[in-house]
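data.pdb follows (PDB, C-alpha atoms):
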MODEL        1
ATOM      1  CA  MET T  28     -89.785 105.525-153.136
ATOM      2  CA  PRO T  29     -87.113 103.352-151.476
ATOM      3  CA  GLY T  30     -85.354 101.222-154.072
ATOM      4  CA  GLY T  31     -87.042 103.151-156.905
ATOM      5  CA  LYS T  32     -85.502 104.991-159.851
ATOM      6  CA  ALA T  33     -84.781 108.217-157.889
ATOM      7  CA  ALA T  34     -82.941 106.304-155.149
ATOM      8  CA  GLY T  35     -80.771 104.614-157.781
ATOM      9  CA  VAL T  36     -79.805 107.960-159.331
ATOM     10  CA  PHE T  37     -78.980 109.339-155.883
ATOM     11  CA  ARG T  38     -76.717 106.362-155.141
ATOM     12  CA  LYS T  39     -74.885 106.874-158.427
ATOM     13  CA  LYS T  40     -74.354 110.550-157.671
ATOM     14  CA  GLU T  41     -73.039 109.715-154.204
ATOM     15  CA  GLU T  42     -70.625 107.154-155.587
ATOM     16  CA  SER T  43     -69.146 109.752-157.962
ATOM     17  CA  PHE T  44     -68.271 112.104-155.111
ATOM     18  CA  VAL T  45     -64.696 112.160-153.828
ATOM     19  CA  SER T  46     -64.690 111.020-150.211
ATOM     20  CA  TYR T  47     -63.660 113.136-147.240
ATOM     21  CA  LYS T  48     -60.493 111.067-146.841
ATOM     22  CA  GLU T  49     -59.567 111.392-150.511
ATOM     23  CA  LYS T  50     -60.082 115.158-150.347
ATOM     24  CA  TYR T  51     -57.876 115.777-147.321
ATOM     25  CA  GLN T  52     -55.184 113.438-148.606
ATOM     26  CA  ALA T  53     -55.137 115.264-151.942
ATOM     27  CA  MET T  54     -54.981 118.608-150.105
ATOM     28  CA  LEU T  55     -52.079 117.444-147.955
ATOM     29  CA  LYS T  56     -50.183 116.393-151.088
ATOM     30  CA  GLU T  57     -50.770 119.825-152.603
ATOM     31  CA  TYR T  58     -49.492 121.537-149.450
ATOM     32  CA  GLU T  59     -46.348 119.433-149.492
ATOM     33  CA  GLN T  60     -45.694 120.315-153.128
ATOM     34  CA  VAL T  61     -46.108 124.039-152.433
ATOM     35  CA  PHE T  62     -43.852 124.014-149.366
ATOM     36  CA  GLU T  63     -41.192 122.027-151.220
ATOM     37  CA  ALA T  64     -41.323 124.444-154.170
ATOM     38  CA  LEU T  65     -41.246 127.591-152.029
ATOM     39  CA  ASP T  66     -37.876 129.381-152.111
ATOM     40  CA  GLU T  67     -36.729 129.396-148.487
ATOM     41  CA  SER T  68     -34.169 132.159-149.121
ATOM     42  CA  SER T  69     -36.997 134.368-150.396
ATOM     43  CA  MET T  70     -38.917 133.718-147.182
ATOM     44  CA  GLU T  71     -35.821 134.589-145.135
ATOM     45  CA  LYS T  72     -35.482 137.939-146.958
ATOM     46  CA  PHE T  73     -39.128 138.655-146.187
ATOM     47  CA  MET T  74     -38.525 137.881-142.504
ATOM     48  CA  GLU T  75     -35.442 140.119-142.418
ATOM     49  CA  GLN T  76     -37.494 143.028-143.697
ATOM     50  CA  ILE T  77     -40.107 142.410-141.015
ATOM     51  CA  LYS T  78     -37.407 142.280-138.330
ATOM     52  CA  LYS T  79     -35.980 145.683-139.210
ATOM     53  CA  SER T  80     -39.330 147.433-139.670
ATOM     54  CA  ASP T  81     -40.797 149.146-136.627
ATOM     55  CA  ARG T  82     -44.087 150.023-138.288
ATOM     56  CA  ILE T  83     -45.866 147.563-140.569
ATOM     57  CA  PHE T  84     -48.922 148.250-142.696
ATOM     58  CA  CYS T  85     -50.901 145.348-144.189
ATOM     59  CA  ILE T  86     -53.452 145.085-146.983
ATOM     60  CA  GLY T  87     -55.329 142.321-148.776
ATOM     61  CA  VAL T  88     -58.850 141.529-149.925
ATOM     62  CA  GLY T  89     -61.185 138.553-149.982
ATOM     63  CA  ARG T  90     -60.085 135.281-148.440
ATOM     64  CA  GLU T  91     -56.390 136.033-148.935
ATOM     65  CA  GLY T  92     -57.041 139.325-147.152
ATOM     66  CA  MET T  93     -58.412 137.380-144.178
ATOM     67  CA  MET T  94     -55.203 135.336-144.043
ATOM     68  CA  THR T  95     -53.160 138.536-144.210
ATOM     69  CA  ARG T  96     -55.209 140.100-141.441
ATOM     70  CA  ALA T  97     -54.532 137.025-139.279
ATOM     71  CA  PHE T  98     -50.817 137.560-139.976
ATOM     72  CA  ALA T  99     -51.120 141.233-138.981
ATOM     73  CA  MET T 100     -52.650 140.149-135.687
ATOM     74  CA  ARG T 101     -49.729 137.850-134.921
ATOM     75  CA  LEU T 102     -47.211 140.570-135.828
ATOM     76  CA  MET T 103     -48.963 142.770-133.275
ATOM     77  CA  HIS T 104     -48.724 139.970-130.702
ATOM     78  CA  MET T 105     -44.977 139.957-131.414
ATOM     79  CA  GLY T 106     -44.825 143.605-130.357
ATOM     80  CA  LYS T 107     -44.757 145.270-133.773
ATOM     81  CA  GLU T 108     -46.741 148.438-134.438
ATOM     82  CA  VAL T 109     -49.155 147.121-137.051
ATOM     83  CA  HIS T 110     -51.880 148.883-139.026
ATOM     84  CA  TRP T 111     -54.522 147.488-141.364
ATOM     85  CA  ILE T 112     -54.855 149.839-144.329
ATOM     86  CA  TRP T 113     -58.657 149.925-144.304
ATOM     87  CA  ASP T 114     -58.992 150.890-140.622
ATOM     88  CA  ASP T 115     -60.034 154.487-139.931
ATOM     89  CA  THR T 116     -57.331 154.771-137.263
ATOM     90  CA  THR T 117     -54.509 153.891-139.689
ATOM     91  CA  PRO T 118     -51.918 156.714-139.744
ATOM     92  CA  ALA T 119     -49.878 158.055-142.653
ATOM     93  CA  ILE T 120     -47.231 155.740-144.038
ATOM     94  CA  GLY T 121     -43.738 157.150-144.456
ATOM     95  CA  GLU T 122     -40.010 156.602-144.765
ATOM     96  CA  GLY T 123     -38.868 153.356-143.177
ATOM     97  CA  ASP T 124     -42.358 151.862-142.908
ATOM     98  CA  LEU T 125     -43.161 148.472-144.422
ATOM     99  CA  LEU T 126     -46.272 147.751-146.475
ATOM    100  CA  ILE T 127     -47.100 144.060-146.820
ATOM    101  CA  ALA T 128     -49.549 143.745-149.696
ATOM    102  CA  THR T 129     -51.068 140.386-150.567
ATOM    103  CA  LEU T 130     -52.099 140.254-154.220
ATOM    104  CA  GLY T 131     -52.831 136.701-155.271
ATOM    105  CA  ASP T 132     -52.685 137.449-158.989
ATOM    106  CA  GLY T 133     -50.108 140.222-158.561
ATOM    107  CA  GLN T 134     -52.324 143.002-159.931
ATOM    108  CA  ILE T 135     -55.488 143.813-157.971
ATOM    109  CA  GLY T 136     -56.552 147.317-159.024
ATOM    110  CA  HIS T 137     -57.162 149.192-155.772
ATOM    111  CA  ILE T 138     -54.293 147.421-153.977
ATOM    112  CA  ASP T 139     -52.032 148.443-156.849
ATOM    113  CA  TYR T 140     -53.134 152.041-156.184
ATOM    114  CA  VAL T 141     -52.379 151.758-152.459
ATOM    115  CA  CYS T 142     -48.949 150.268-153.183
ATOM    116  CA  ARG T 143     -48.075 153.131-155.519
ATOM    117  CA  ARG T 144     -49.140 155.778-152.988
ATOM    118  CA  ALA T 145     -47.216 154.011-150.202
ATOM    119  CA  LYS T 146     -44.080 153.912-152.338
ATOM    120  CA  GLU T 147     -44.418 157.602-153.197
ATOM    121  CA  ALA T 148     -44.598 158.322-149.442
ATOM    122  CA  GLY T 149     -41.326 156.476-148.824
ATOM    123  CA  GLY T 150     -42.678 153.137-147.670
ATOM    124  CA  PHE T 151     -41.042 149.809-148.558
ATOM    125  CA  VAL T 152     -43.546 147.766-150.565
ATOM    126  CA  TYR T 153     -43.422 143.994-150.151
ATOM    127  CA  VAL T 154     -45.809 142.089-152.424
ATOM    128  CA  VAL T 155     -46.835 138.564-151.402
ATOM    129  CA  THR T 156     -48.257 136.802-154.426
ATOM    130  CA  GLY T 157     -48.934 133.628-156.340
ATOM    131  CA  SER T 158     -48.259 135.395-159.634
ATOM    132  CA  PRO T 159     -45.039 137.465-159.628
ATOM    133  CA  SER T 160     -45.508 138.399-163.280
ATOM    134  CA  GLY T 161     -48.496 140.554-162.279
ATOM    135  CA  LYS T 162     -48.293 144.317-162.803
ATOM    136  CA  THR T 163     -47.920 145.380-159.163
ATOM    137  CA  ALA T 164     -45.338 142.716-158.434
ATOM    138  CA  ARG T 165     -43.333 143.740-161.518
ATOM    139  CA  GLU T 166     -43.722 147.501-161.542
ATOM    140  CA  VAL T 167     -44.240 148.657-157.974
ATOM    141  CA  ALA T 168     -42.883 146.180-155.432
ATOM    142  CA  ASP T 169     -39.532 146.779-153.786
ATOM    143  CA  ALA T 170     -39.491 143.034-153.081
ATOM    144  CA  VAL T 171     -41.690 140.032-153.863
ATOM    145  CA  PHE T 172     -42.416 136.924-151.801
ATOM    146  CA  PHE T 173     -43.711 134.211-154.125
ATOM    147  CA  VAL T 174     -45.978 131.497-152.728
ATOM    148  CA  PRO T 175     -46.154 128.998-155.642
ATOM    149  CA  ALA T 176     -49.728 127.786-155.183
ATOM    150  CA  ALA T 177     -52.671 127.816-157.592
ATOM    151  CA  VAL T 178     -54.316 131.221-157.254
ATOM    152  CA  TYR T 179     -57.407 132.865-158.692
ATOM    153  CA  ARG T 180     -56.578 134.568-162.038
ATOM    154  CA  GLY T 181     -52.874 133.796-161.634
ATOM    155  CA  THR T 182     -50.759 133.355-164.766
ATOM    156  CA  ASP T 183     -47.488 131.919-163.437
ATOM    157  CA  LYS T 184     -46.348 128.313-163.143
ATOM    158  CA  VAL T 185     -47.414 127.094-159.706
ATOM    159  CA  VAL T 186     -48.544 123.913-157.986
ATOM    160  CA  PRO T 187     -51.960 123.121-159.537
ATOM    161  CA  SER T 188     -55.000 122.233-157.459
ATOM    162  CA  PHE T 189     -58.204 120.244-157.685
ATOM    163  CA  GLN T 190     -59.742 122.867-155.380
ATOM    164  CA  PRO T 191     -61.758 125.854-156.652
ATOM    165  CA  MET T 192     -60.383 129.321-157.424
ATOM    166  CA  GLY T 193     -57.667 130.450-155.001
ATOM    167  CA  ASN T 194     -58.201 127.885-152.237
ATOM    168  CA  LEU T 195     -54.693 126.447-152.345
ATOM    169  CA  PHE T 196     -52.960 129.830-152.291
ATOM    170  CA  GLU T 197     -55.164 131.084-149.468
ATOM    171  CA  GLN T 198     -54.657 127.985-147.325
ATOM    172  CA  CYS T 199     -50.905 127.927-147.875
ATOM    173  CA  LEU T 200     -50.716 131.664-147.212
ATOM    174  CA  LEU T 201     -52.088 131.195-143.697
ATOM    175  CA  MET T 202     -49.701 128.328-142.961
ATOM    176  CA  VAL T 203     -46.650 130.075-144.417
ATOM    177  CA  PHE T 204     -47.439 133.213-142.412
ATOM    178  CA  ASP T 205     -47.757 131.104-139.249
ATOM    179  CA  ILE T 206     -44.415 129.404-139.989
ATOM    180  CA  ILE T 207     -42.848 132.850-140.416
ATOM    181  CA  VAL T 208     -44.197 134.063-137.074
ATOM    182  CA  MET T 209     -42.978 130.946-135.247
ATOM    183  CA  THR T 210     -39.545 131.267-136.861
ATOM    184  CA  LEU T 211     -39.278 134.959-135.995
ATOM    185  CA  VAL T 212     -40.132 134.194-132.372
ATOM    186  CA  GLU T 213     -37.471 131.455-132.273
ATOM    187  CA  GLU T 214     -34.879 133.877-133.700
ATOM    188  CA  THR T 215     -35.708 136.696-131.261
ATOM    189  CA  PRO T 216     -34.274 135.999-127.768
ATOM    190  CA  GLU T 217     -36.602 138.399-125.973
ATOM    191  CA  LEU T 218     -39.712 136.891-127.570
ATOM    192  CA  THR T 219     -41.661 133.854-126.379
ATOM    193  CA  PHE T 220     -45.146 132.564-127.109
ATOM    194  CA  GLU T 221     -46.010 133.335-123.478
ATOM    195  CA  LYS T 222     -45.014 136.989-123.927
ATOM    196  CA  MET T 223     -47.011 137.109-127.150
ATOM    197  CA  SER T 224     -50.103 135.829-125.364
ATOM    198  CA  LYS T 225     -49.969 138.782-122.946
ATOM    199  CA  ARG T 226     -50.624 141.107-125.880
ATOM    200  CA  HIS T 227     -53.755 139.193-126.849
ATOM    201  CA  ARG T 228     -56.885 141.354-126.647
ATOM    202  CA  ASN T 229     -58.274 141.078-123.126
ATOM    203  CA  VAL T 230     -61.636 142.815-123.531
ATOM    204  CA  GLU T 231     -63.592 140.074-125.275
TER     205      GLU T 231
ENDMDL
END
Since I need it in another form, could you write the structure as structure tokens?
Amino acid sequence: MPGGKAAGVFRKKEESFVSYKEKYQAMLKEYEQVFEALDESSMEKFMEQIKKSDRIFCIGVGREGMMTRAFAMRLMHMGKEVHWIWDDTTPAIGEGDLLIATLGDGQIGHIDYVCRRAKEAGGFVYVVTGSPSGKTAREVADAVFFVPAAVYRGTDKVVPSFQPMGNLFEQCLLMVFDIIVMTLVEETPELTFEKMSKRHRNVE
């Protein structure tokens, strides 16, 4: 009934919720903290490896995998030969190839396996993580790109978050990857966003 006991409880519950504005403002503050804490020289080394790699293989799972797949798509738009590990058309990895493996906590079991096999085959393994103390980052990676954002099951000191699980890492991952693509395009004379758009799938 309007104005009754149930309505009063509902109002109290509503009042305890953080507003839309408070949420996005808190998120923006978290992003700023992550981007300020990120080691720019580490990002530059990651970009250099991408520049000199003709064939790039990518892997990731869950939401962070989706962000990595979006990155793979943009690398393809840049003209790189890119393969997603889980695709049936993915060829053998070998000497001189780059594997970009996103492991939020630095030690996801089946990705660890893939990284080890890729390294045995001569591939260069680059781990992107929010927890560089993880097993794969420590034991297998040829190089590590650390995104210092709160991540699901991570154990390293990072920017904390009021958001659930790995939200902050996943969101920052997408934005950092987009920054990397834009920077690579700026640093490559023969590349423009217009040229990239011509490689966009045209059968949809």
Non-local contacts of Glu59 (chain T) (12 Å; all atoms listed in the file; under 5 positions in same chain excluded) as number ranges by chain
T: 52-54, 64-65, 175-176, 186, 195, 199, 202-203
Quick one: apply the PyMOL selection byres ((chain T and resi 177) around 12) to the file and drop the selected residues here as a PyMOL selection string.
chain T and resi 57-58+60-61+131-132+156-158+173-176+178-200
To one decimal place, how far is CA of Glu147 (chain T) from CA of Ile112 (chain T) in Å?
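For CA of Glu147 (chain T) relative to CA of Ile112 (chain T), the distance reads 15.7 Å.
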Report the residues retrieved by the PyMOL selection byres ((chain T and resi 96) around 8) from the displayed file, expressed as a list in words.
Cys85, Ile86, Gly87, Gly92, Met93, Met94, Thr95, Ala97, Phe98, Ala99, Met100 and Trp111 of chain T
Deliver the residues from the most recent selection as a file, using C-alpha atoms, as a PDB file, in the frame of the given file.
ATOM      1  CA  CYS T  85     -50.901 145.348-144.189  1.00  0.00           C
ATOM      2  CA  ILE T  86     -53.452 145.085-146.983  1.00  0.00           C
ATOM      3  CA  GLY T  87     -55.329 142.321-148.776  1.00  0.00           C
ATOM      4  CA  GLY T  92     -57.041 139.325-147.152  1.00  0.00           C
ATOM      5  CA  MET T  93     -58.412 137.380-144.178  1.00  0.00           C
ATOM      6  CA  MET T  94     -55.203 135.336-144.043  1.00  0.00           C
ATOM      7  CA  THR T  95     -53.160 138.536-144.210  1.00  0.00           C
ATOM      8  CA  ALA T  97     -54.532 137.025-139.279  1.00  0.00           C
ATOM      9  CA  PHE T  98     -50.817 137.560-139.976  1.00  0.00           C
ATOM     10  CA  ALA T  99     -51.120 141.233-138.981  1.00  0.00           C
ATOM     11  CA  MET T 100     -52.650 140.149-135.687  1.00  0.00           C
ATOM     12  CA  TRP T 111     -54.522 147.488-141.364  1.00  0.00           C
TER      13      TRP T 111
END
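Nearest residue to Ile127 (chain T) among T:Glu231, T:Asp115, T:Asp169, T:Asp66 is T:Asp169, counting all atoms listed in the file.
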Between CA of Gly123 (chain T) and CA of Tyr153 (chain T), what is the distance in Å, rounded to a tenth?
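It comes out at 12.5 Å.
Look at region 69-76 of chain T: the protein and nucleic acid residues within 10 Å of it, using all atoms listed in the file and passing over chain neighbours fewer than 5 places away, are T:Asp81, T:Leu125, T:Ile127, T:Phe151, T:Tyr153, T:Val154, T:Val155, T:Ala170, T:Val171, T:Phe172, T:Phe173, T:Val174, T:Val203, T:Phe204, T:Ile207, T:Val208, T:Thr210, T:Leu211.
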Do you have the CA of Met103 (chain T)-CA of Thr117 (chain T) distance handy?
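A separation of 14.0 Å between them.
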